[in-house]
file structure.pdb (PDB, N, CA and C atoms)
MODEL        1
ATOM      1  N   MET A  10      58.253 -92.990  73.980
ATOM      2  CA  MET A  10      57.713 -92.756  72.654
ATOM      3  C   MET A  10      57.532 -94.085  71.931
ATOM      4  N   ASP A  11      56.609 -94.119  71.017
ATOM      5  CA  ASP A  11      56.302 -95.317  70.242
ATOM      6  C   ASP A  11      57.324 -95.481  69.115
ATOM      7  N   PRO A  12      58.116 -96.564  69.137
ATOM      8  CA  PRO A  12      59.144 -96.740  68.097
ATOM      9  C   PRO A  12      58.561 -96.856  66.681
ATOM     10  N   LEU A  13      57.407 -97.497  66.538
ATOM     11  CA  LEU A  13      56.786 -97.609  65.217
ATOM     12  C   LEU A  13      56.395 -96.229  64.697
ATOM     13  N   ALA A  14      55.780 -95.423  65.540
ATOM     14  CA  ALA A  14      55.390 -94.073  65.133
ATOM     15  C   ALA A  14      56.611 -93.240  64.774
ATOM     16  N   GLU A  15      57.688 -93.371  65.533
ATOM     17  CA  GLU A  15      58.917 -92.626  65.236
ATOM     18  C   GLU A  15      59.494 -93.040  63.890
ATOM     19  N   MET A  16      59.521 -94.348  63.625
ATOM     20  CA  MET A  16      60.059 -94.843  62.358
ATOM     21  C   MET A  16      59.209 -94.352  61.186
ATOM     22  N   ILE A  17      57.895 -94.419  61.327
ATOM     23  CA  ILE A  17      57.000 -93.978  60.264
ATOM     24  C   ILE A  17      57.116 -92.474  60.053
ATOM     25  N   ARG A  18      57.203 -91.722  61.116
ATOM     26  CA  ARG A  18      57.367 -90.269  61.012
ATOM     27  C   ARG A  18      58.633 -89.927  60.237
ATOM     28  N   ALA A  19      59.723 -90.641  60.528
ATOM     29  CA  ALA A  19      60.982 -90.410  59.819
ATOM     30  C   ALA A  19      60.847 -90.745  58.337
ATOM     31  N   LYS A  20      60.111 -91.803  58.007
ATOM     32  CA  LYS A  20      59.908 -92.171  56.606
ATOM     33  C   LYS A  20      59.040 -91.147  55.875
ATOM     34  N   ILE A  21      58.065 -90.586  56.562
ATOM     35  CA  ILE A  21      57.241 -89.543  55.959
ATOM     36  C   ILE A  21      58.105 -88.312  55.699
ATOM     37  N   THR A  22      58.905 -87.933  56.666
ATOM     38  CA  THR A  22      59.775 -86.767  56.536
ATOM     39  C   THR A  22      60.762 -86.923  55.387
ATOM     40  N   SER A  23      61.311 -88.136  55.231
ATOM     41  CA  SER A  23      62.300 -88.376  54.176
ATOM     42  C   SER A  23      61.666 -88.580  52.801
ATOM     43  N   GLY A  24      60.350 -88.785  52.768
ATOM     44  CA  GLY A  24      59.673 -89.038  51.496
ATOM     45  C   GLY A  24      59.547 -90.506  51.162
ATOM     46  N   ALA A  25      60.035 -91.391  52.034
ATOM     47  CA  ALA A  25      59.935 -92.836  51.791
ATOM     48  C   ALA A  25      58.493 -93.327  51.907
ATOM     49  N   LEU A  26      57.676 -92.617  52.678
ATOM     50  CA  LEU A  26      56.240 -92.882  52.759
ATOM     51  C   LEU A  26      55.512 -91.591  52.406
ATOM     52  N   PRO A  27      54.407 -91.703  51.678
ATOM     53  CA  PRO A  27      53.693 -90.493  51.263
ATOM     54  C   PRO A  27      52.993 -89.796  52.424
ATOM     55  N   ARG A  28      52.812 -88.519  52.259
ATOM     56  CA  ARG A  28      52.131 -87.682  53.250
ATOM     57  C   ARG A  28      50.711 -87.350  52.774
ATOM     58  N   GLY A  29      50.527 -87.273  51.478
ATOM     59  CA  GLY A  29      49.260 -86.819  50.917
ATOM     60  C   GLY A  29      48.192 -87.887  50.845
ATOM     61  N   THR A  30      47.135 -87.553  50.127
ATOM     62  CA  THR A  30      45.980 -88.452  49.998
ATOM     63  C   THR A  30      45.644 -88.692  48.525
ATOM     64  N   ASP A  31      46.651 -88.807  47.693
ATOM     65  CA  ASP A  31      46.417 -88.907  46.252
ATOM     66  C   ASP A  31      46.237 -90.341  45.752
ATOM     67  N   TRP A  32      45.814 -91.242  46.610
ATOM     68  CA  TRP A  32      45.562 -92.598  46.159
ATOM     69  C   TRP A  32      44.125 -92.723  45.663
ATOM     70  N   VAL A  33      43.864 -93.778  44.897
ATOM     71  CA  VAL A  33      42.550 -93.932  44.283
ATOM     72  C   VAL A  33      41.726 -95.046  44.922
ATOM     73  N   ASN A  34      42.385 -96.027  45.515
ATOM     74  CA  ASN A  34      41.674 -97.139  46.158
ATOM     75  C   ASN A  34      42.415 -97.592  47.399
ATOM     76  N   THR A  35      41.653 -98.040  48.372
ATOM     77  CA  THR A  35      42.224 -98.651  49.565
ATOM     78  C   THR A  35      41.429 -99.906  49.865
ATOM     79  N   TRP A  36      42.133-101.012  50.033
ATOM     80  CA  TRP A  36      41.489-102.273  50.380
ATOM     81  C   TRP A  36      41.890-102.632  51.798
ATOM     82  N   PHE A  37      40.894-102.851  52.641
ATOM     83  CA  PHE A  37      41.114-103.172  54.050
ATOM     84  C   PHE A  37      40.712-104.612  54.334
ATOM     85  N   GLY A  38      41.418-105.224  55.225
ATOM     86  CA  GLY A  38      40.946-106.467  55.816
ATOM     87  C   GLY A  38      41.248-107.743  55.091
ATOM     88  N   GLY A  39      42.010-107.688  54.007
ATOM     89  CA  GLY A  39      42.377-108.935  53.360
ATOM     90  C   GLY A  39      43.432-109.666  54.183
ATOM     91  N   ARG A  40      43.542-110.936  53.969
ATOM     92  CA  ARG A  40      44.576-111.711  54.646
ATOM     93  C   ARG A  40      45.933-111.343  54.060
ATOM     94  N   GLY A  41      46.940-111.391  54.904
ATOM     95  CA  GLY A  41      48.286-111.098  54.451
ATOM     96  C   GLY A  41      48.706-112.009  53.316
ATOM     97  N   THR A  42      49.488-111.477  52.399
ATOM     98  CA  THR A  42      49.926-112.233  51.226
ATOM     99  C   THR A  42      51.429-112.507  51.242
ATOM    100  N   GLY A  43      52.092-112.121  52.338
ATOM    101  CA  GLY A  43      53.534-112.318  52.416
ATOM    102  C   GLY A  43      54.341-111.149  51.880
ATOM    103  N   ARG A  44      53.656-110.165  51.316
ATOM    104  CA  ARG A  44      54.382-108.992  50.828
ATOM    105  C   ARG A  44      54.955-108.208  51.997
ATOM    106  N   LYS A  45      55.923-107.352  51.683
ATOM    107  CA  LYS A  45      56.589-106.565  52.708
ATOM    108  C   LYS A  45      55.784-105.309  53.025
ATOM    109  N   CYS A  46      55.593-105.038  54.301
ATOM    110  CA  CYS A  46      54.931-103.827  54.772
ATOM    111  C   CYS A  46      55.865-102.651  54.524
ATOM    112  N   ARG A  47      55.353-101.594  53.907
ATOM    113  CA  ARG A  47      56.190-100.431  53.602
ATOM    114  C   ARG A  47      56.558 -99.623  54.834
ATOM    115  N   ALA A  48      55.838 -99.799  55.910
ATOM    116  CA  ALA A  48      56.146 -99.047  57.125
ATOM    117  C   ALA A  48      57.235 -99.735  57.945
ATOM    118  N   CYS A  49      57.008-100.987  58.324
ATOM    119  CA  CYS A  49      57.957-101.683  59.207
ATOM    120  C   CYS A  49      58.917-102.596  58.457
ATOM    121  N   GLU A  50      58.646-102.822  57.169
ATOM    122  CA  GLU A  50      59.479-103.630  56.284
ATOM    123  C   GLU A  50      59.515-105.113  56.638
ATOM    124  N   SER A  51      58.520-105.569  57.412
ATOM    125  CA  SER A  51      58.379-106.997  57.718
ATOM    126  C   SER A  51      57.336-107.601  56.789
ATOM    127  N   SER A  52      57.432-108.893  56.581
ATOM    128  CA  SER A  52      56.461-109.616  55.769
ATOM    129  C   SER A  52      55.088-109.598  56.451
ATOM    130  N   ILE A  53      54.025-109.555  55.662
ATOM    131  CA  ILE A  53      52.659-109.572  56.199
ATOM    132  C   ILE A  53      52.120-110.997  56.047
ATOM    133  N   PRO A  54      52.123-111.780  57.129
ATOM    134  CA  PRO A  54      51.711-113.183  57.039
ATOM    135  C   PRO A  54      50.197-113.338  56.867
ATOM    136  N   ALA A  55      49.781-114.529  56.465
ATOM    137  CA  ALA A  55      48.366-114.805  56.186
ATOM    138  C   ALA A  55      47.474-114.608  57.402
ATOM    139  N   PHE A  56      48.009-114.770  58.604
ATOM    140  CA  PHE A  56      47.173-114.614  59.793
ATOM    141  C   PHE A  56      46.989-113.144  60.182
ATOM    142  N   ASP A  57      47.678-112.244  59.505
ATOM    143  CA  ASP A  57      47.568-110.817  59.801
ATOM    144  C   ASP A  57      46.698-110.139  58.741
ATOM    145  N   VAL A  58      46.210-108.955  59.056
ATOM    146  CA  VAL A  58      45.398-108.173  58.125
ATOM    147  C   VAL A  58      46.323-107.305  57.274
ATOM    148  N   GLU A  59      46.090-107.316  55.958
ATOM    149  CA  GLU A  59      46.869-106.504  55.029
ATOM    150  C   GLU A  59      45.988-105.382  54.487
ATOM    151  N   VAL A  60      46.544-104.186  54.421
ATOM    152  CA  VAL A  60      45.875-103.037  53.812
ATOM    153  C   VAL A  60      46.685-102.667  52.576
ATOM    154  N   GLU A  61      46.016-102.519  51.452
ATOM    155  CA  GLU A  61      46.697-102.157  50.210
ATOM    156  C   GLU A  61      46.134-100.836  49.704
ATOM    157  N   ILE A  62      47.033 -99.940  49.336
ATOM    158  CA  ILE A  62      46.655 -98.639  48.798
ATOM    159  C   ILE A  62      47.159 -98.557  47.361
ATOM    160  N   GLU A  63      46.276 -98.177  46.438
ATOM    161  CA  GLU A  63      46.638 -98.043  45.030
ATOM    162  C   GLU A  63      46.625 -96.567  44.642
ATOM    163  N   PHE A  64      47.674 -96.160  43.939
ATOM    164  CA  PHE A  64      47.814 -94.779  43.499
ATOM    165  C   PHE A  64      47.407 -94.645  42.038
ATOM    166  N   GLN A  65      47.233 -93.424  41.594
ATOM    167  CA  GLN A  65      46.784 -93.156  40.226
ATOM    168  C   GLN A  65      47.708 -93.752  39.173
ATOM    169  N   ASP A  66      48.995 -93.838  39.472
ATOM    170  CA  ASP A  66      49.937 -94.387  38.502
ATOM    171  C   ASP A  66      49.975 -95.913  38.509
ATOM    172  N   GLY A  67      49.129 -96.551  39.333
ATOM    173  CA  GLY A  67      49.076 -98.008  39.405
ATOM    174  C   GLY A  67      49.974 -98.609  40.466
ATOM    175  N   SER A  68      50.836 -97.803  41.080
ATOM    176  CA  SER A  68      51.703 -98.317  42.138
ATOM    177  C   SER A  68      50.873 -98.582  43.399
ATOM    178  N   THR A  69      51.374 -99.463  44.250
ATOM    179  CA  THR A  69      50.656 -99.808  45.469
ATOM    180  C   THR A  69      51.591 -99.791  46.673
ATOM    181  N   LEU A  70      50.993 -99.610  47.829
ATOM    182  CA  LEU A  70      51.684 -99.759  49.104
ATOM    183  C   LEU A  70      50.895-100.764  49.928
ATOM    184  N   CYS A  71      51.607-101.627  50.618
ATOM    185  CA  CYS A  71      50.964-102.594  51.501
ATOM    186  C   CYS A  71      51.421-102.336  52.932
ATOM    187  N   PHE A  72      50.501-102.495  53.851
ATOM    188  CA  PHE A  72      50.773-102.286  55.267
ATOM    189  C   PHE A  72      50.134-103.378  56.111
ATOM    190  N   HIS A  73      50.724-103.669  57.265
ATOM    191  CA  HIS A  73      49.992-104.372  58.317
ATOM    192  C   HIS A  73      48.896-103.407  58.771
ATOM    193  N   TRP A  74      47.817-103.918  59.326
ATOM    194  CA  TRP A  74      46.733-103.052  59.795
ATOM    195  C   TRP A  74      47.257-102.027  60.802
ATOM    196  N   ALA A  75      48.026-102.475  61.787
ATOM    197  CA  ALA A  75      48.550-101.565  62.816
ATOM    198  C   ALA A  75      49.489-100.524  62.204
ATOM    199  N   CYS A  76      50.296-100.923  61.262
ATOM    200  CA  CYS A  76      51.211 -99.988  60.603
ATOM    201  C   CYS A  76      50.431 -98.966  59.777
ATOM    202  N   TYR A  77      49.388 -99.420  59.103
ATOM    203  CA  TYR A  77      48.548 -98.503  58.330
ATOM    204  C   TYR A  77      47.926 -97.451  59.240
ATOM    205  N   ARG A  78      47.360 -97.893  60.356
ATOM    206  CA  ARG A  78      46.719 -96.945  61.280
ATOM    207  C   ARG A  78      47.722 -95.938  61.809
ATOM    208  N   THR A  79      48.930 -96.393  62.125
ATOM    209  CA  THR A  79      49.961 -95.483  62.624
ATOM    210  C   THR A  79      50.390 -94.523  61.527
ATOM    211  N   TRP A  80      50.603 -95.024  60.309
ATOM    212  CA  TRP A  80      50.981 -94.157  59.184
ATOM    213  C   TRP A  80      49.903 -93.108  58.935
ATOM    214  N   ASP A  81      48.635 -93.528  58.914
ATOM    215  CA  ASP A  81      47.548 -92.588  58.651
ATOM    216  C   ASP A  81      47.519 -91.494  59.715
ATOM    217  N   LYS A  82      47.704 -91.858  60.948
ATOM    218  CA  LYS A  82      47.720 -90.877  62.045
ATOM    219  C   LYS A  82      48.909 -89.924  61.913
ATOM    220  N   GLU A  83      50.087 -90.471  61.628
ATOM    221  CA  GLU A  83      51.308 -89.650  61.544
ATOM    222  C   GLU A  83      51.315 -88.745  60.315
ATOM    223  N   ARG A  84      50.807 -89.223  59.189
ATOM    224  CA  ARG A  84      50.801 -88.382  57.980
ATOM    225  C   ARG A  84      49.852 -87.205  58.154
ATOM    226  N   GLN A  85      48.783 -87.395  58.913
ATOM    227  CA  GLN A  85      47.843 -86.300  59.154
ATOM    228  C   GLN A  85      48.441 -85.262  60.103
ATOM    229  N   ARG A  86      49.345 -85.689  60.971
ATOM    230  CA  ARG A  86      50.024 -84.778  61.893
ATOM    231  C   ARG A  86      51.046 -83.917  61.185
ATOM    232  N   SER A  87      51.686 -84.483  60.154
ATOM    233  CA  SER A  87      52.801 -83.757  59.528
ATOM    234  C   SER A  87      52.371 -82.772  58.479
TER     235      SER A  87
ENDMDL
END
call {"tool": "encode", "arguments": {"input": "structure.pdb", "output": "structure tokens"}}
result
Amino acid sequence: MDPLAEMIRAKITSGALPRGTDWVNTWFGGRGTGRKCRACESSIPAFDVEVEIEFQDGSTLCFHWACYRTWDKERQRS
């Protein structure tokens, strides 16, 4: 089994990562800014792709590209 998918699935189940689609904007492909990825909790370096999701309340989530793709796949499964 994929450890990243398992970790993300557990975070979705616990509510640490959202399951729904209530965000208002998604930015793809920017260079990493050093912020922490909400899925794997590692820093997103400048050489990596960062995905940022903004919610209606102004809060944001940042992901590595691979973590975002895994989260999107897992949230749709649950």
call {"tool": "residues_around", "arguments": {"input": "structure.pdb", "residues": "segment 39-44 of chain A", "least_positions_apart": "3", "cutoff": "6.5 Å", "atoms": "only N, CA and C atoms", "output": "PyMOL selection string"}}
result
chain A and resi 36+51-60
call {"tool": "atom_distance", "arguments": {"input": "structure.pdb", "atom1": "atom CA of Ile17 of chain A", "atom2": "atom CA of Trp32 of chain A"}}
result
18.2 Å
call {"tool": "atom_distance", "arguments": {"input": "structure.pdb", "atom1": "atom CA of Glu15 of chain A", "atom2": "atom CA of Thr69 of chain A"}}
result
22.6 Å
call {"tool": "closest_residue", "arguments": {"input": "structure.pdb", "among": "A:Phe64, A:Gly38, A:Ala48, A:Arg18", "to": "Arg84 of chain A", "atoms": "all atoms listed in the file"}}
result
A:Arg18
call {"tool": "atom_distance", "arguments": {"input": "structure.pdb", "atom1": "atom C of Cys46 of chain A", "atom2": "atom CA of Phe72 of chain A"}}
result
5.2 Å
call {"tool": "residues_around", "arguments": {"input": "structure.pdb", "residues": "segment 21-29 of chain A", "least_positions_apart": "6", "cutoff": "10 Å", "atoms": "only C-alpha atoms", "output": "MDAnalysis selection string"}}
result
chainID A and resid 15 47:48 70 80:81 83:87
call {"tool": "select_by_dssp", "arguments": {"input": "structure.pdb", "residues": "chain A", "states": "strand (DSSP E or B)", "output": "number ranges by chain"}}
result
A: 32-40, 45, 52, 58-64, 69-73
call {"tool": "select_by_dssp", "arguments": {"input": "structure.pdb", "residues": "segment 18-74 of chain A", "states": "helix (DSSP H, G or I)", "output": "PyMOL selection string"}}
result
chain A and resi 18-23+74
call {"tool": "closest_residue", "arguments": {"input": "structure.pdb", "among": "A:Cys49, A:Ile62, A:Ala14, A:Ala19", "to": "Asn34 of chain A", "atoms": "all atoms listed in the file"}}
result
A:Ile62
call {"tool": "axis_aligned_box", "arguments": {"input": "structure.pdb", "around": "segment 33-45 of chain A", "padding_each_side": "5 Å", "output": "JSON"}}
result
{"center_x": 48.7, "center_y": -103.1, "center_z": 50.0, "size_x": 25.9, "size_y": 28.7, "size_z": 21.5}
